[in-house]
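> Structure provided below as structure tokens; questions to follow.
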Amino acid sequence: MKPVKVLGASLGACVHVAGIQNFLRLCEGEGCRTSFLGPAVEPKALVEAIERDKPDIVAVSYRLSPEGAERLFQELAKEIGRKKLGGVRFVFGGTPPAAKAAERSGLFERVFSGREPVEDI
């Protein structure tokens, strides 16, 4: 069985990377292959990386305002639709207000606010 590929990035102007890097380490501990695009990745660049790398799961992080998150999620959804990306699973991690925006977006299979125990993640 081939390992699950996980692609991670901090979205938009967000330069906070500790959470996404911790998530990717947890994935590696479960046998996943991971790659990290870095901080402040724009939605279009994320979608281009998804097309190129063909990950099974895309992990998105954002720790700034929920208003900024909503705008970025709308832009990300538009790019995903434009490129007709199917079969990719998306998860999100961020502050509780950004996590609520992620839940409302409908993009993410799982949303983490930092309040979950490691076992749940």
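Here's how to read the names in the structure tokens: chain A, B, ... by the order shown, residue numbers from 1 in each chain, ligand numbers from 1 in the order shown.
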Considering only C-alpha atoms, return as a PDB file with N, CA and C atoms, in the first residue's frame whatever protein or nucleic-acid residues lie within 8 Å of Pro66 (chain A), sequence-local ones (same chain, fewer than 4 positions apart) excluded.

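Output (part_34.pdb):
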```pdb
ATOM      1  N   GLU A  70     -12.554  33.989   5.574  1.00  0.00           N
ATOM      2  CA  GLU A  70     -13.705  33.814   4.680  1.00  0.00           C
ATOM      3  C   GLU A  70     -13.371  34.214   3.249  1.00  0.00           C
ATOM      4  N   PRO A  97     -11.995  31.385  15.946  1.00  0.00           N
ATOM      5  CA  PRO A  97     -12.798  32.173  15.006  1.00  0.00           C
ATOM      6  C   PRO A  97     -12.553  31.785  13.542  1.00  0.00           C
ATOM      7  N   ALA A  98     -11.297  31.526  13.180  1.00  0.00           N
ATOM      8  CA  ALA A  98     -11.001  31.103  11.805  1.00  0.00           C
ATOM      9  C   ALA A  98     -11.571  29.708  11.543  1.00  0.00           C
ATOM     10  N   LYS A 100     -14.324  28.492  12.774  1.00  0.00           N
ATOM     11  CA  LYS A 100     -15.760  28.653  12.500  1.00  0.00           C
ATOM     12  C   LYS A 100     -15.987  29.078  11.054  1.00  0.00           C
ATOM     13  N   ALA A 101     -15.140  29.974  10.558  1.00  0.00           N
ATOM     14  CA  ALA A 101     -15.234  30.392   9.150  1.00  0.00           C
ATOM     15  C   ALA A 101     -14.952  29.205   8.233  1.00  0.00           C
TER      16      ALA A 101
END
```
> Near region 25-30 of chain A, counting only C-alpha atoms, which residues have an atom at most 12 Å away, once you skip same-chain residues fewer than 3 positions from it, shown as a PyMOL selection string?
chain A and resi 3-8+18-22+33-36+57-59+118-121
> I need the residues of region 30-111 of chain A that end up classed as strand (DSSP E or B) by DSSP on the backbone, written out as a VMD selection string.
chain A and resid 33 to 36 41 57 to 62 89 to 94 110 to 111
